[in-house]
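Engineer: Below you'll find data-v3.pdb; it's PDB, C-alpha atoms.
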```pdb
ATOM      1  CA  MET A   1      18.834 -35.279  -2.890
ATOM      2  CA  GLY A   2      21.434 -33.184  -4.725
ATOM      3  CA  VAL A   3      22.861 -29.878  -3.590
ATOM      4  CA  LYS A   4      20.720 -27.888  -6.035
ATOM      5  CA  SER A   5      17.553 -29.699  -4.959
ATOM      6  CA  LYS A   6      18.296 -29.036  -1.318
ATOM      7  CA  ALA A   7      18.962 -25.379  -2.036
ATOM      8  CA  ALA A   8      15.717 -25.035  -3.973
ATOM      9  CA  ALA A   9      13.753 -26.699  -1.188
ATOM     10  CA  ALA A  10      15.364 -24.430   1.382
ATOM     11  CA  ILE A  11      14.432 -21.352  -0.647
ATOM     12  CA  VAL A  12      10.799 -22.447  -0.915
ATOM     13  CA  VAL A  13      10.580 -23.100   2.836
ATOM     14  CA  LEU A  14      12.159 -19.744   3.643
ATOM     15  CA  LEU A  15       9.872 -17.870   1.295
ATOM     16  CA  LEU A  16       6.778 -19.559   2.658
ATOM     17  CA  PHE A  17       7.832 -18.481   6.114
ATOM     18  CA  LEU A  18       8.620 -15.011   4.818
ATOM     19  CA  GLY A  19       5.100 -14.673   3.475
ATOM     20  CA  SER A  20       3.707 -14.842   6.989
ATOM     21  CA  LEU A  21       6.347 -12.607   8.553
ATOM     22  CA  TRP A  22       6.898 -10.082   5.810
ATOM     23  CA  ILE A  23       5.393  -6.865   7.085
ATOM     24  CA  GLN A  24       5.961  -6.915  10.815
ATOM     25  CA  GLY A  25       8.608  -9.586  11.261
ATOM     26  CA  GLY A  26       6.500 -11.899  13.422
ATOM     27  CA  LEU A  27       3.440 -14.094  13.266
ATOM     28  CA  ASP A  28       0.118 -12.311  13.399
ATOM     29  CA  TYR A  29      -3.149 -13.522  14.835
ATOM     30  CA  GLN A  30      -5.171 -15.609  12.419
ATOM     31  CA  TRP A  31      -8.397 -14.360  10.949
ATOM     32  CA  GLU A  32     -11.238 -16.232   9.321
ATOM     33  CA  SER A  33     -12.182 -15.483   5.760
ATOM     34  CA  CYS A  34     -13.074 -11.805   5.541
ATOM     35  CA  LEU A  35     -14.916  -9.440   3.351
ATOM     36  CA  LYS A  36     -12.711  -9.189   0.275
ATOM     37  CA  GLY A  37     -13.879  -5.919  -1.150
ATOM     38  CA  TYR A  38     -16.222  -3.017  -1.190
ATOM     39  CA  ASN A  39     -18.779  -2.310  -3.864
ATOM     40  CA  GLN A  40     -16.976   0.091  -6.102
ATOM     41  CA  VAL A  41     -17.580   1.132  -9.673
ATOM     42  CA  ASN A  42     -14.430   2.332 -11.355
ATOM     43  CA  THR A  43     -15.095   5.049 -13.888
ATOM     44  CA  LEU A  44     -11.484   6.158 -14.134
ATOM     45  CA  HIS A  45      -9.996   3.180 -15.936
ATOM     46  CA  GLN A  46      -8.735   5.586 -18.586
ATOM     47  CA  LEU A  47      -6.815   8.434 -17.004
ATOM     48  CA  TYR A  48      -5.471  11.690 -18.298
ATOM     49  CA  ASN A  49      -1.770  12.150 -17.744
ATOM     50  CA  SER A  50      -1.715  15.770 -16.576
ATOM     51  CA  SER A  51       2.093  15.809 -16.491
ATOM     52  CA  ASP A  52       2.103  15.816 -20.293
ATOM     53  CA  GLY A  53       0.167  19.052 -20.383
ATOM     54  CA  ASP A  54      -2.584  20.017 -22.809
ATOM     55  CA  GLY A  55      -1.116  19.928 -26.247
ATOM     56  CA  ALA A  56      -2.836  20.316 -29.564
ATOM     57  CA  GLU A  57      -4.107  16.780 -29.309
ATOM     58  CA  GLY A  58      -5.094  17.136 -25.659
ATOM     59  CA  PRO A  59      -3.672  15.244 -22.679
ATOM     60  CA  ARG A  60      -2.444  11.747 -23.259
ATOM     61  CA  ILE A  61      -4.602   8.923 -21.939
ATOM     62  CA  MET A  62      -3.346   5.999 -19.893
ATOM     63  CA  GLU A  63      -5.331   2.995 -21.002
ATOM     64  CA  GLY A  64      -5.809  -0.474 -19.600
ATOM     65  CA  CYS A  65      -3.527  -3.338 -20.628
ATOM     66  CA  PRO A  66      -5.526  -6.093 -22.371
ATOM     67  CA  GLY A  67      -5.169  -9.618 -21.072
ATOM     68  CA  GLN A  68      -3.418  -8.716 -17.811
ATOM     69  CA  THR A  69      -4.601  -9.117 -14.250
ATOM     70  CA  PHE A  70      -2.641  -6.127 -12.973
ATOM     71  CA  GLN A  71      -3.794  -2.821 -14.436
ATOM     72  CA  VAL A  72      -1.652   0.230 -13.758
ATOM     73  CA  SER A  73      -4.500   2.525 -14.861
ATOM     74  CA  LEU A  74      -6.803   0.940 -12.290
ATOM     75  CA  LEU A  75      -4.158   1.310  -9.586
ATOM     76  CA  LEU A  76      -3.816   4.981 -10.416
ATOM     77  CA  SER A  77      -7.583   5.510 -10.354
ATOM     78  CA  HIS A  78      -7.757   4.114  -6.811
ATOM     79  CA  LEU A  79      -4.785   6.159  -5.654
ATOM     80  CA  LEU A  80      -6.221   9.379  -7.043
ATOM     81  CA  ALA A  81      -9.567   8.668  -5.358
ATOM     82  CA  GLY A  82      -7.931   8.247  -1.929
ATOM     83  CA  PRO A  83      -7.125  11.807  -0.769
ATOM     84  CA  ALA A  84     -10.078  13.543   0.907
ATOM     85  CA  TYR A  85     -10.731  16.789   2.745
ATOM     86  CA  ALA A  86      -7.571  18.600   3.863
ATOM     87  CA  SER A  87      -5.352  15.752   5.037
ATOM     88  CA  ASP A  88      -7.362  12.538   5.147
ATOM     89  CA  VAL A  89      -7.420   9.318   3.116
ATOM     90  CA  LEU A  90     -10.578   7.404   2.272
ATOM     91  CA  MET A  91     -10.268   3.793   3.353
ATOM     92  CA  GLN A  92     -12.148   2.201   0.468
ATOM     93  CA  PRO A  93      -9.882   3.417  -2.370
ATOM     94  CA  TYR A  94      -6.853   2.929  -0.096
ATOM     95  CA  LEU A  95      -7.635  -0.762   0.297
ATOM     96  CA  SER A  96      -8.539  -1.062  -3.380
ATOM     97  CA  SER A  97      -5.122   0.380  -4.218
ATOM     98  CA  TRP A  98      -3.582  -2.413  -2.181
ATOM     99  CA  ASP A  99      -5.680  -4.979  -4.072
ATOM    100  CA  GLU A 100      -4.046  -3.795  -7.288
ATOM    101  CA  LEU A 101      -0.576  -3.635  -5.722
ATOM    102  CA  VAL A 102      -1.041  -7.249  -4.627
ATOM    103  CA  ARG A 103      -1.786  -8.163  -8.253
ATOM    104  CA  PHE A 104       1.368  -6.291  -9.224
ATOM    105  CA  MET A 105       3.480  -8.381  -6.846
ATOM    106  CA  GLU A 106       1.808 -11.617  -7.888
ATOM    107  CA  ALA A 107       2.606 -10.820 -11.520
ATOM    108  CA  LEU A 108       6.306 -10.817 -10.657
ATOM    109  CA  GLY A 109       6.265 -14.564 -10.086
ATOM    110  CA  PRO A 110       5.431 -17.072  -7.344
ATOM    111  CA  MET A 111       8.461 -16.280  -5.189
ATOM    112  CA  VAL A 112       7.758 -12.551  -5.004
ATOM    113  CA  GLY A 113       4.012 -13.209  -4.954
ATOM    114  CA  LEU A 114       4.318 -15.003  -1.639
ATOM    115  CA  ILE A 115       5.005 -11.653  -0.025
ATOM    116  CA  SER A 116       1.573 -10.395  -1.035
ATOM    117  CA  LYS A 117      -0.235 -12.959   1.120
ATOM    118  CA  GLU A 118       0.610 -11.142   4.324
ATOM    119  CA  ILE A 119      -0.538  -7.865   2.823
ATOM    120  CA  GLU A 120      -3.839  -9.447   1.842
ATOM    121  CA  SER A 121      -4.310 -10.579   5.432
ATOM    122  CA  LYS A 122      -3.799  -6.983   6.590
ATOM    123  CA  THR A 123      -6.352  -5.502   4.213
ATOM    124  CA  SER A 124      -8.776  -8.252   5.211
ATOM    125  CA  ILE A 125      -8.406  -7.328   8.894
ATOM    126  CA  ILE A 126      -9.375  -3.712   8.247
ATOM    127  CA  ARG A 127     -12.261  -4.747   6.014
ATOM    128  CA  GLN A 128     -13.530  -7.135   8.647
ATOM    129  CA  LEU A 129     -13.338  -4.423  11.294
ATOM    130  CA  ALA A 130     -15.255  -2.081   9.003
ATOM    131  CA  LEU A 131     -17.903  -4.726   8.393
ATOM    132  CA  LEU A 132     -18.301  -5.471  12.107
ATOM    133  CA  SER A 133     -18.477  -1.755  12.837
ATOM    134  CA  LYS A 134     -21.309  -1.295  10.344
ATOM    135  CA  GLU A 135     -23.248  -4.140  11.907
ATOM    136  CA  SER A 136     -22.792  -2.844  15.455
ATOM    137  CA  PRO A 137     -25.143  -0.132  16.832
ATOM    138  CA  GLU A 138     -22.262   1.642  18.535
ATOM    139  CA  ALA A 139     -20.331   1.841  15.293
ATOM    140  CA  GLU A 140     -21.535   5.347  14.501
ATOM    141  CA  LEU A 141     -19.311   8.270  15.318
ATOM    142  CA  GLY A 142     -20.282  10.754  17.943
ATOM    143  CA  PRO A 143     -21.060  14.447  17.495
ATOM    144  CA  ASP A 144     -17.366  15.233  16.976
ATOM    145  CA  ILE A 145     -17.420  14.058  13.360
ATOM    146  CA  HIS A 146     -16.515  17.570  12.212
ATOM    147  CA  SER A 147     -13.314  17.487  14.241
ATOM    148  CA  ILE A 148     -12.104  14.467  12.296
ATOM    149  CA  ASN A 149     -12.265  15.845   8.798
ATOM    150  CA  SER A 150     -12.010  19.567   9.305
ATOM    151  CA  VAL A 151     -10.686  21.446   6.310
ATOM    152  CA  ARG A 152      -7.807  23.786   7.166
ATOM    153  CA  THR A 153      -7.291  26.821   5.014
ATOM    154  CA  GLU A 154      -4.845  29.702   5.135
ATOM    155  CA  THR A 155      -7.402  31.794   7.009
ATOM    156  CA  GLY A 156      -8.151  29.129   9.581
ATOM    157  CA  ALA A 157     -10.104  25.904  10.006
ATOM    158  CA  GLU A 158     -13.608  25.358   8.777
ATOM    159  CA  ASN A 159     -15.753  22.254   8.704
ATOM    160  CA  ASN A 160     -16.475  20.462   5.484
ATOM    161  CA  PRO A 161     -20.241  19.823   5.212
ATOM    162  CA  GLU A 162     -19.519  16.673   3.245
ATOM    163  CA  ALA A 163     -17.697  15.162   6.211
ATOM    164  CA  SER A 164     -20.852  15.025   8.288
ATOM    165  CA  GLN A 165     -22.470  12.795   5.680
ATOM    166  CA  HIS A 166     -19.888  10.048   6.232
ATOM    167  CA  THR A 167     -20.159   8.718   9.744
ATOM    168  CA  GLY A 168     -18.733   5.241   9.320
ATOM    169  CA  ALA A 169     -16.036   4.456  11.854
ATOM    170  CA  TYR A 170     -13.740   3.071   9.152
ATOM    171  CA  HIS A 171     -14.693   5.525   6.436
ATOM    172  CA  SER A 172     -11.240   7.098   6.422
ATOM    173  CA  VAL A 173      -7.829   6.882   8.056
ATOM    174  CA  ARG A 174      -8.560   9.688  10.500
ATOM    175  CA  SER A 175     -12.032   8.444  11.397
ATOM    176  CA  MET A 176     -10.579   5.001  12.149
ATOM    177  CA  ILE A 177      -7.844   6.475  14.328
ATOM    178  CA  TRP A 178     -10.334   8.684  16.174
ATOM    179  CA  VAL A 179     -12.790   5.856  16.841
ATOM    180  CA  GLU A 180     -10.228   3.261  17.913
ATOM    181  CA  LEU A 181      -8.507   5.692  20.264
ATOM    182  CA  ASN A 182     -11.791   6.693  21.857
ATOM    183  CA  ARG A 183     -12.837   3.065  22.304
ATOM    184  CA  GLY A 184      -9.490   2.094  23.804
ATOM    185  CA  LEU A 185      -8.722  -0.362  21.005
ATOM    186  CA  VAL A 186      -5.180   0.855  20.415
ATOM    187  CA  ASP A 187      -2.534  -0.512  22.754
ATOM    188  CA  PHE A 188       0.778   1.371  22.638
ATOM    189  CA  ASN A 189       2.628  -1.356  24.572
ATOM    190  CA  HIS A 190       1.297  -4.683  23.278
ATOM    191  CA  GLN A 191       0.272  -6.187  19.965
ATOM    192  CA  THR A 192      -3.416  -5.978  19.106
ATOM    193  CA  ASP A 193      -5.506  -6.511  16.016
ATOM    194  CA  SER A 194      -6.542  -2.881  15.862
ATOM    195  CA  GLY A 195      -7.042  -1.210  12.517
ATOM    196  CA  CYS A 196      -4.425   1.390  13.453
ATOM    197  CA  ARG A 197      -1.694  -1.182  14.071
ATOM    198  CA  THR A 198      -2.652  -2.985  10.860
ATOM    199  CA  LEU A 199      -2.593   0.273   8.920
ATOM    200  CA  LEU A 200       0.913   1.008  10.193
ATOM    201  CA  ARG A 201       2.184  -2.296   8.740
ATOM    202  CA  LEU A 202       0.591  -1.521   5.382
ATOM    203  CA  HIS A 203       1.993   1.995   5.572
ATOM    204  CA  ARG A 204       5.534   0.680   5.957
ATOM    205  CA  ALA A 205       5.101  -1.701   3.039
ATOM    206  CA  LEU A 206       3.729   1.116   0.892
ATOM    207  CA  LEU A 207       6.934   3.101   1.402
ATOM    208  CA  TRP A 208       8.956   0.109   0.221
ATOM    209  CA  LEU A 209       6.906  -0.225  -2.984
ATOM    210  CA  LYS A 210       6.945   3.530  -3.567
ATOM    211  CA  LEU A 211      10.717   3.646  -3.327
ATOM    212  CA  PHE A 212      11.116   0.572  -5.550
ATOM    213  CA  LEU A 213       8.910   2.028  -8.306
ATOM    214  CA  GLN A 214      10.703   5.354  -7.994
ATOM    215  CA  LYS A 215      14.073   3.686  -8.479
ATOM    216  CA  LEU A 216      12.716   1.626 -11.378
ATOM    217  CA  ALA A 217      11.698   4.880 -13.098
ATOM    218  CA  GLU A 218      15.111   6.476 -12.747
ATOM    219  CA  THR A 219      17.379   6.723 -15.766
ATOM    220  CA  PRO A 220      21.034   7.119 -14.790
ATOM    221  CA  ALA A 221      22.914   9.983 -16.405
ATOM    222  CA  ALA A 222      25.685   7.560 -17.295
ATOM    223  CA  GLY A 223      26.188   3.853 -16.982
ATOM    224  CA  ARG A 224      23.857   0.889 -17.115
ATOM    225  CA  LEU A 225      20.312   0.559 -15.854
ATOM    226  CA  ARG A 226      20.417  -1.499 -12.685
ATOM    227  CA  SER A 227      18.349  -4.666 -12.440
ATOM    228  CA  PRO A 228      14.906  -4.586 -10.760
ATOM    229  CA  SER A 229      16.199  -7.196  -8.317
ATOM    230  CA  GLU A 230      18.983  -4.878  -7.195
ATOM    231  CA  LEU A 231      16.656  -1.872  -6.968
ATOM    232  CA  CYS A 232      14.013  -3.741  -4.993
ATOM    233  CA  ARG A 233      16.605  -5.042  -2.550
ATOM    234  CA  GLU A 234      17.972  -1.535  -2.087
ATOM    235  CA  ALA A 235      14.492  -0.115  -1.472
ATOM    236  CA  TYR A 236      13.798  -2.870   1.037
ATOM    237  CA  GLN A 237      17.019  -2.298   2.942
ATOM    238  CA  SER A 238      16.166   1.356   3.548
ATOM    239  CA  THR A 239      12.535   0.725   4.554
ATOM    240  CA  LEU A 240      11.054  -2.581   5.710
ATOM    241  CA  ALA A 241      14.386  -4.107   6.687
ATOM    242  CA  ASN A 242      14.489  -1.677   9.614
ATOM    243  CA  HIS A 243      11.478  -3.475  11.122
ATOM    244  CA  HIS A 244      12.473  -7.072  10.379
ATOM    245  CA  THR A 245      14.524  -9.712  12.122
ATOM    246  CA  TRP A 246      17.782 -11.018  10.707
ATOM    247  CA  PHE A 247      16.068 -14.165   9.447
ATOM    248  CA  VAL A 248      13.350 -12.292   7.571
ATOM    249  CA  ARG A 249      15.929  -9.974   5.990
ATOM    250  CA  ARG A 250      17.896 -12.964   4.710
ATOM    251  CA  ALA A 251      14.742 -14.590   3.338
ATOM    252  CA  ALA A 252      13.831 -11.349   1.589
ATOM    253  CA  GLU A 253      17.142 -11.425  -0.248
ATOM    254  CA  LEU A 254      16.173 -14.813  -1.692
ATOM    255  CA  ALA A 255      12.817 -13.490  -2.851
ATOM    256  CA  PHE A 256      14.400 -10.608  -4.735
ATOM    257  CA  ILE A 257      16.695 -12.941  -6.657
ATOM    258  CA  ALA A 258      13.636 -14.361  -8.424
ATOM    259  CA  MET A 259      12.427 -10.946  -9.642
ATOM    260  CA  PRO A 260      12.023 -10.591 -13.448
ATOM    261  CA  GLU A 261      14.260  -8.441 -15.604
ATOM    262  CA  ARG A 262      13.391  -4.885 -16.662
ATOM    263  CA  GLY A 263      11.790  -5.900 -19.944
ATOM    264  CA  PHE A 264       9.045  -7.681 -18.043
ATOM    265  CA  PHE A 265       7.987  -4.393 -16.442
ATOM    266  CA  PHE A 266       7.595  -2.820 -19.885
ATOM    267  CA  LYS A 267       5.015  -5.473 -20.722
ATOM    268  CA  LEU A 268       3.383  -5.222 -17.306
ATOM    269  CA  VAL A 269       2.458  -1.556 -17.796
ATOM    270  CA  CYS A 270       2.150  -1.711 -21.617
ATOM    271  CA  VAL A 271       5.072   0.491 -22.599
ATOM    272  CA  GLN A 272       7.835   0.077 -25.166
ATOM    273  CA  SER A 273      10.789   1.861 -23.621
ATOM    274  CA  GLN A 274      12.420   3.055 -20.426
ATOM    275  CA  GLU A 275      11.286   6.613 -21.193
ATOM    276  CA  GLU A 276       7.641   5.541 -21.372
ATOM    277  CA  LEU A 277       8.062   3.468 -18.224
ATOM    278  CA  ASN A 278       9.419   6.536 -16.447
ATOM    279  CA  VAL A 279       6.324   8.583 -17.323
ATOM    280  CA  VAL A 280       3.892   5.938 -16.084
ATOM    281  CA  LEU A 281       5.751   5.037 -12.912
ATOM    282  CA  ASN A 282       6.441   8.642 -11.951
ATOM    283  CA  ARG A 283       2.702   9.312 -12.107
ATOM    284  CA  VAL A 284       2.041   6.310  -9.866
ATOM    285  CA  VAL A 285       4.829   7.260  -7.460
ATOM    286  CA  GLN A 286       3.439  10.768  -7.150
ATOM    287  CA  ALA A 287      -0.033   9.425  -6.333
ATOM    288  CA  ILE A 288       1.370   6.933  -3.814
ATOM    289  CA  GLY A 289       3.367   9.749  -2.255
ATOM    290  CA  GLU A 290       0.240  11.781  -1.597
ATOM    291  CA  ILE A 291      -1.456   8.833   0.104
ATOM    292  CA  TYR A 292       1.673   8.006   2.073
ATOM    293  CA  ASP A 293       2.272  11.571   3.268
ATOM    294  CA  ARG A 294      -1.310  12.008   4.461
ATOM    295  CA  THR A 295      -1.251   8.680   6.299
ATOM    296  CA  GLN A 296       2.153   9.463   7.791
ATOM    297  CA  LYS A 297       0.852  12.774   9.131
ATOM    298  CA  ALA A 298      -2.231  11.180  10.693
ATOM    299  CA  LEU A 299      -0.190   8.432  12.378
ATOM    300  CA  GLU A 300       2.495  10.837  13.535
ATOM    301  CA  GLU A 301      -0.004  13.267  15.052
ATOM    302  CA  ASN A 302      -1.380  10.409  17.153
ATOM    303  CA  ASN A 303       2.028   8.934  18.111
ATOM    304  CA  MET A 304       1.340   5.728  16.195
ATOM    305  CA  LEU A 305       4.518   5.304  14.151
ATOM    306  CA  ASP A 306       5.948   2.737  16.579
ATOM    307  CA  LEU A 307       2.913   0.654  17.532
ATOM    308  CA  PRO A 308       4.103  -2.841  18.579
TER     309      PRO A 308
END
```
Rewrite the structure of this file - the entire thing - as structure tokens.
Structural biologist:
Amino acid sequence: MGVKSKAAAAIVVLLLFLGSLWIQGGLDYQWESCLKGYNQVNTLHQLYNSSDGDGAEGPRIMEGCPGQTFQVSLLLSHLLAGPAYASDVLMQPYLSSWDELVRFMEALGPMVGLISKEIESKTSIIRQLALLSKESPEAELGPDIHSINSVRTETGAENNPEASQHTGAYHSVRSMIWVELNRGLVDFNHQTDSGCRTLLRLHRALLWLKLFLQKLAETPAAGRLRSPSELCREAYQSTLANHHTWFVRRAAELAFIAMPERGFFFKLVCVQSQEELNVVLNRVVQAIGEIYDRTQKALEENNMLDLP
């Protein structure tokens, strides 16, 4: 076997291993096949871009890209549906957003797509927990449902009547945290398969993707546009790399080498130029930021940012 063949084989082995270690830097418990999705009808596949303002022709519409698995308009519809109440995130659109982000990563090629497998296992864990909770008699929340999704205003806190209609334990980020804490399912010293620990891993990965898309949308005042590979590696080094072992960090570097050039991203979101790409990605980054900030606040308030 030649040097190039050996190098290629080594890269494949490393990336396969990376796929299982990507988010938390270690092997997770194995789960059987899980519920892959919720019943959800998407009526927002065409979205108004409010950042363009209301001109004479009205707000511009972001439409679906024909013939592509990943749809940026669908991703945005899920992200916009996530925020709820004052500072909560609905779990169903949150997980659906990840489904679309997985398709985004898979579209970047088999090497980068391997990373998405670990993320899929995380979303499956939460969906399985939600399914088991629905089937269990003790899955319903107690009388403190109003304390989970209280709406805070400038004049004080008041309960949202809508919150009392949603009593599923895994209905939202805050309801999941509340239920798992009260049932003693969250261990602050040892690894568990709790939804909270799983959410934290997804939360960290979301920051990496947010920062990557943000960098991809930037147009330098002077000089060349940097390659997506370089930008993704830089975003990784300031986010997920802080939670990974040396080996996983080195394997990640190999995955980023295989990332497509910038022109591929134009086709992926159906735009013709860097300026158009900036508009689309900035809208997505803003929506991701809202989801991330709300989740960050919920985890931080419950001291869950460092769950093992």
Engineer: Tell me, counting only C-alpha atoms, for each residue of range 68-118 of chain A within 7 Å of range 276-300 of chain A, which pair of atoms is nearest and how far apart they are in Å to one decimal, in rows ordered by chain and increasing number, as CSV.
Structural biologist:
```
residue,atom,partner,partner_atom,distance
A:Leu76,CA,A:Val284,CA,6.0
A:Leu79,CA,A:Ala287,CA,5.8
A:Leu80,CA,A:Ala287,CA,6.2
A:Gly82,CA,A:Ile291,CA,6.8
A:Pro83,CA,A:Ile291,CA,6.5
A:Ser87,CA,A:Arg294,CA,5.5
A:Asp88,CA,A:Arg294,CA,6.1
A:Val89,CA,A:Ile291,CA,6.7
```
Engineer: Take the PyMOL selection byres ((chain A and resi 228) around 7), run it mentally on this structure, and tell me the resulting residues as a PyMOL selection string.
Structural biologist: chain A and resi 216+226-227+229-232+259+261-262
Engineer: Could you tell me how far CA of Glu275 in chain A lies from CA of Leu207 in chain A, in Å and to one decimal?
Structural biologist: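 One can read the CA of Glu275 in chain A to CA of Leu207 in chain A distance as 23.3 Å.
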Engineer: Could you list, as an MDAnalysis selection string, every residue matched by the PyMOL selection byres ((chain A and resi 65-68) around 9) in this structure?
Structural biologist: chainID A and resid 63:64 69:73 107 267:270
Engineer: Write out as an MDAnalysis selection string the residues lying within 6 Å of Val112 in chain A, counting only C-alpha atoms and excluding same-chain residues fewer than 3 positions away.
Structural biologist: chainID A and resid 109 115 255
Engineer: Give me the result of the PyMOL selection byres ((chain A and resi 204) around 12) on this file, residue by residue, as a PyMOL selection string.
Structural biologist: chain A and resi 22-25+119+197-203+205-211+235-236+238-244+292-293+295-296+299+305-307
Engineer: Which value, in Å to one decimal, gives the distance between CA of Leu185 in chain A and CA of Leu129 in chain A?
Structural biologist: 11.5 Å
Engineer: Go ahead and compute the interatomic distance for CA of Glu234 in chain A and CA of Thr219 in chain A, in Å to one decimal.
Structural biologist: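 For CA of Glu234 in chain A relative to CA of Thr219 in chain A, the distance reads 16.0 Å.
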Engineer: Between A:Ala222, A:Val186, A:Ala169, A:Met111, which is the closest to Ala252 in chain A once you count all atoms listed in the file?
Structural biologist: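 Selected residue with least distance to Ala252 in chain A: A:Met111.
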Engineer: Of the candidates A:Met176, A:Ala258, A:Leu74, A:Leu225, which shows the shortest atom-to-atom distance to Ser133 in chain A, using only C-alpha atoms?
Structural biologist: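 Nearest candidate to Ser133 in chain A out of A:Met176, A:Ala258, A:Leu74, A:Leu225: A:Met176.
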Engineer: So for range 105-117 of chain A, what box centre and size do we get, axis-aligned, 5 Å extra on each of the six sides, every listed atom, Å to one decimal, as AutoDock Vina command-line options?
Structural biologist:
```
--center_x 4.1 --center_y -12.7 --center_z -5.2 --size_x 18.7 --size_y 18.7 --size_z 22.6
```
Engineer: From the options A:Asn182, A:Gln237, A:Ser124, A:Ser96, which residue's atoms come nearest to Ala81 in chain A, counting only C-alpha atoms?
Structural biologist: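 The shortest atom-to-atom distance to Ala81 in chain A comes from A:Ser96.
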Engineer: Compare A:Val173, A:Ala251, A:Ala130, A:Met91 by their minimum atom-to-atom distance to His78 in chain A, counting only C-alpha atoms, and give me the closest one.
Structural biologist: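 Smallest separation from His78 in chain A among the options: A:Met91.
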